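One structure is given below, encoded as structure tokens.
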Amino acid sequence: KIADANVTQGKLADQAVNEAKMQVSNAPSNGYFLSAQPGKTGGLTWAQAGGGGKVLQLTNTWNTTYASQSPNNKLSAVEASITPSASSSKIAVFTVGSFDYNGGFELWLYRVIGSSATLIREFRGNNTSMGNTPVNYIDSPNTTSAVTYKYQISAGGNVYVNSPNGYQASSMILMEIDNA
């Protein structure tokens, strides 16, 4: 026992302070940390690190197929699917469409669950011959069923996706983010 009220590190022997002496209020688990809990005996408890923000899974898709469509008809640039592990998860969608067109344009990002498609982002413009066009979105699909995201375009004139020589491609990355 140390009678001196000023306990310093130099006065402690190796292994002198253990969990029992700290009066931690519960048993430890791997990955847990000590958290201050003023209402608990000793003022400490083992706690799980806060959740949320962790990447749970990632998918990546490229489309290099050249395609064209006549005016005012939708043309798919790229699509990808992911199956969330929890209904509370967020899905981060990062997509780039490689487009060439004339006339005003419309871009759509759809979420498809089963046979139900929901428009989640829409863009319109009047310029011509756009090139690579990114769309990023954080979605809350609230499901553990497979979710497909589709990126599409239509234009007042002819529209083309990717390039005929394969040098341009459309892509999509989906990330499931823990929202707990």
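Ligands are numbered from 1 in the order shown, residues from 1 within each chain, and chains are lettered A, B, ... in the order they appear in the structure tokens.
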Exercise for the section: Quick one: everything within 9 Å of A:Ala27, counting only C-alpha atoms, minus sequence neighbours fewer than 2 positions away in the same chain. Send it as a list in words. Expected result: Val24, Ser25, Ser29, Thr45 and Trp46 of chain A
Could the residues in this selection be written to a file with C-alpha atoms, as a short mmCIF file (atom, residue, chain, number, x, y, z; two decimals), in the first residue's frame?
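Okay, part_11.cif is ready:
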```cif
data_model
loop_
_atom_site.label_atom_id
_atom_site.label_comp_id
_atom_site.auth_asym_id
_atom_site.auth_seq_id
_atom_site.Cartn_x
_atom_site.Cartn_y
_atom_site.Cartn_z
CA VAL A 24 -14.34 -1.08 -13.86
CA SER A 25 -18.08 -1.76 -13.69
CA SER A 29 -14.76 -7.50 -24.68
CA THR A 45 -16.99 0.97 -17.89
CA TRP A 46 -16.02 -1.00 -21.00
#
```
Exercise for the section: Would you return as JSON, numbers by chain the members of chain A that DSSP assigns to helix (DSSP H, G or I) on this structure's backbone? Expected result: {"A": [9, 10, 11, 19, 20, 21, 22, 41, 42, 43]}
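Proximity ranking of A:Leu58, A:Val135, A:Leu44, A:Val161 relative to A:Ala77 places A:Val161 first, based on only C-alpha atoms.
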Exercise for the section: Select from stretch 29-149 of chain A everything DSSP, run on the backbone, classes as strand (DSSP E or B), then give the selection as a VMD selection string. Expected result: chain A and resid 33 to 36 44 to 47 55 to 63 67 to 69 75 to 82 90 to 101 105 to 113 116 to 125 131 to 139 147 to 149
Practice task
Within 7 Å of A:Ile120, counting only C-alpha atoms, which residues show up once you throw out same-chain ones fewer than 5 positions away? Write them as JSON, numbers by chain, please.
Solution key: {"A": [109, 110, 111]}
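Distances from A:Leu174, A:Ile82, A:Leu56, A:Val159 to A:Ala146 were compared using only C-alpha atoms, and the smallest one belongs to A:Ile82.
Ranking A:Pro84, A:Gly97, A:Gly43, A:Gly103 by their shortest atom-to-atom distance to A:Asn63, with only C-alpha atoms included, puts A:Gly97 first.
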Exercise for the section: Considering only C-alpha atoms, return as a ChimeraX atom specification whatever protein or nucleic-acid residues lie within 12 Å of A:Gly53, sequence-local ones (same chain, fewer than 3 positions apart) excluded. Expected result: /A:49-50,56-57,88-92,175-180
Can I get the selection written as a compact mmCIF listing (two decimals), in the first residue's frame, with N, CA, C and O atoms?
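What landed in result.txt:
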```
# COMPACT_ATOMS: atom_id res chain seq x y z
N ALA A 49 -17.18 0.98 -29.29
CA ALA A 49 -16.97 2.22 -30.04
C ALA A 49 -18.25 2.56 -30.79
O ALA A 49 -18.98 1.68 -31.24
N GLY A 50 -18.53 3.85 -30.91
CA GLY A 50 -19.73 4.31 -31.61
C GLY A 50 -19.75 3.82 -33.04
O GLY A 50 -18.72 3.73 -33.69
N LEU A 56 -19.25 -0.88 -45.25
CA LEU A 56 -19.54 -2.30 -45.05
C LEU A 56 -19.29 -3.13 -46.30
O LEU A 56 -18.93 -4.30 -46.20
N GLN A 57 -19.53 -2.54 -47.47
CA GLN A 57 -19.24 -3.24 -48.72
C GLN A 57 -19.17 -2.21 -49.85
O GLN A 57 -19.65 -1.10 -49.72
N SER A 88 -31.00 0.04 -42.08
CA SER A 88 -30.60 1.39 -41.66
C SER A 88 -29.39 1.91 -42.44
O SER A 88 -29.01 3.07 -42.29
N SER A 89 -28.79 1.08 -43.27
CA SER A 89 -27.59 1.48 -44.03
C SER A 89 -27.90 2.57 -45.04
O SER A 89 -29.00 2.65 -45.58
N LYS A 90 -26.89 3.38 -45.30
CA LYS A 90 -26.93 4.36 -46.39
C LYS A 90 -26.15 3.77 -47.56
O LYS A 90 -25.23 2.97 -47.36
N ILE A 91 -26.51 4.17 -48.76
CA ILE A 91 -25.78 3.76 -49.95
C ILE A 91 -25.24 5.02 -50.61
O ILE A 91 -26.00 5.91 -50.98
N ALA A 92 -23.91 5.09 -50.72
CA ALA A 92 -23.27 6.19 -51.42
C ALA A 92 -23.12 5.77 -52.88
O ALA A 92 -22.54 4.72 -53.17
N MET A 175 -21.34 2.15 -52.34
CA MET A 175 -20.76 1.85 -51.04
C MET A 175 -21.87 1.77 -50.01
O MET A 175 -22.65 2.72 -49.87
N GLU A 176 -21.93 0.66 -49.30
CA GLU A 176 -22.86 0.56 -48.17
C GLU A 176 -22.16 1.15 -46.95
O GLU A 176 -21.06 0.73 -46.59
N ILE A 177 -22.80 2.13 -46.31
CA ILE A 177 -22.25 2.81 -45.15
C ILE A 177 -23.11 2.47 -43.93
O ILE A 177 -24.32 2.62 -43.96
N ASP A 178 -22.44 2.03 -42.85
CA ASP A 178 -23.12 1.73 -41.59
C ASP A 178 -23.69 3.03 -41.03
O ASP A 178 -22.98 4.01 -40.85
N ASN A 179 -24.98 3.03 -40.76
CA ASN A 179 -25.63 4.23 -40.23
C ASN A 179 -26.03 4.04 -38.76
O ASN A 179 -26.81 4.81 -38.23
N ALA A 180 -25.52 2.99 -38.09
CA ALA A 180 -25.90 2.72 -36.71
C ALA A 180 -25.28 3.72 -35.76
O ALA A 180 -24.28 4.32 -36.02
```
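The spacing separating atom CA of A:Ser171 from atom CA of A:Pro71 amounts to 23.2 Å.
When the distance limit is 7 Å and only C-alpha atoms are what count, the residues near A:Glu106, minus those fewer than 4 positions from it on the same chain, are Phe123, Arg124, Gly125, Ile153, Ser154 and Ala155 of chain A.
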Writing out the chosen residues with C-alpha atoms as a PDB file, in the first residue's frame:
```pdb
ATOM      1  CA  PHE A 123     -30.885  17.057 -64.075  1.00  0.00           C
ATOM      2  CA  ARG A 124     -31.810  19.104 -67.144  1.00  0.00           C
ATOM      3  CA  GLY A 125     -29.793  21.400 -69.363  1.00  0.00           C
ATOM      4  CA  ILE A 153     -29.923  10.088 -70.367  1.00  0.00           C
ATOM      5  CA  SER A 154     -32.173  11.394 -73.110  1.00  0.00           C
ATOM      6  CA  ALA A 155     -31.729  14.418 -75.368  1.00  0.00           C
TER       7      ALA A 155
END
```
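The coordinates place atom CA of A:Tyr151 at 9.2 Å from atom CA of A:Ala80.
If you measure from each of A:Ala67, A:Ala13, A:Val147, A:Ala20 to A:Ser115 using only C-alpha atoms, the closest one turns out to be A:Val147.
As for atom CA of A:Gly42 and atom CA of A:Val17, they are spaced 12.9 Å apart.
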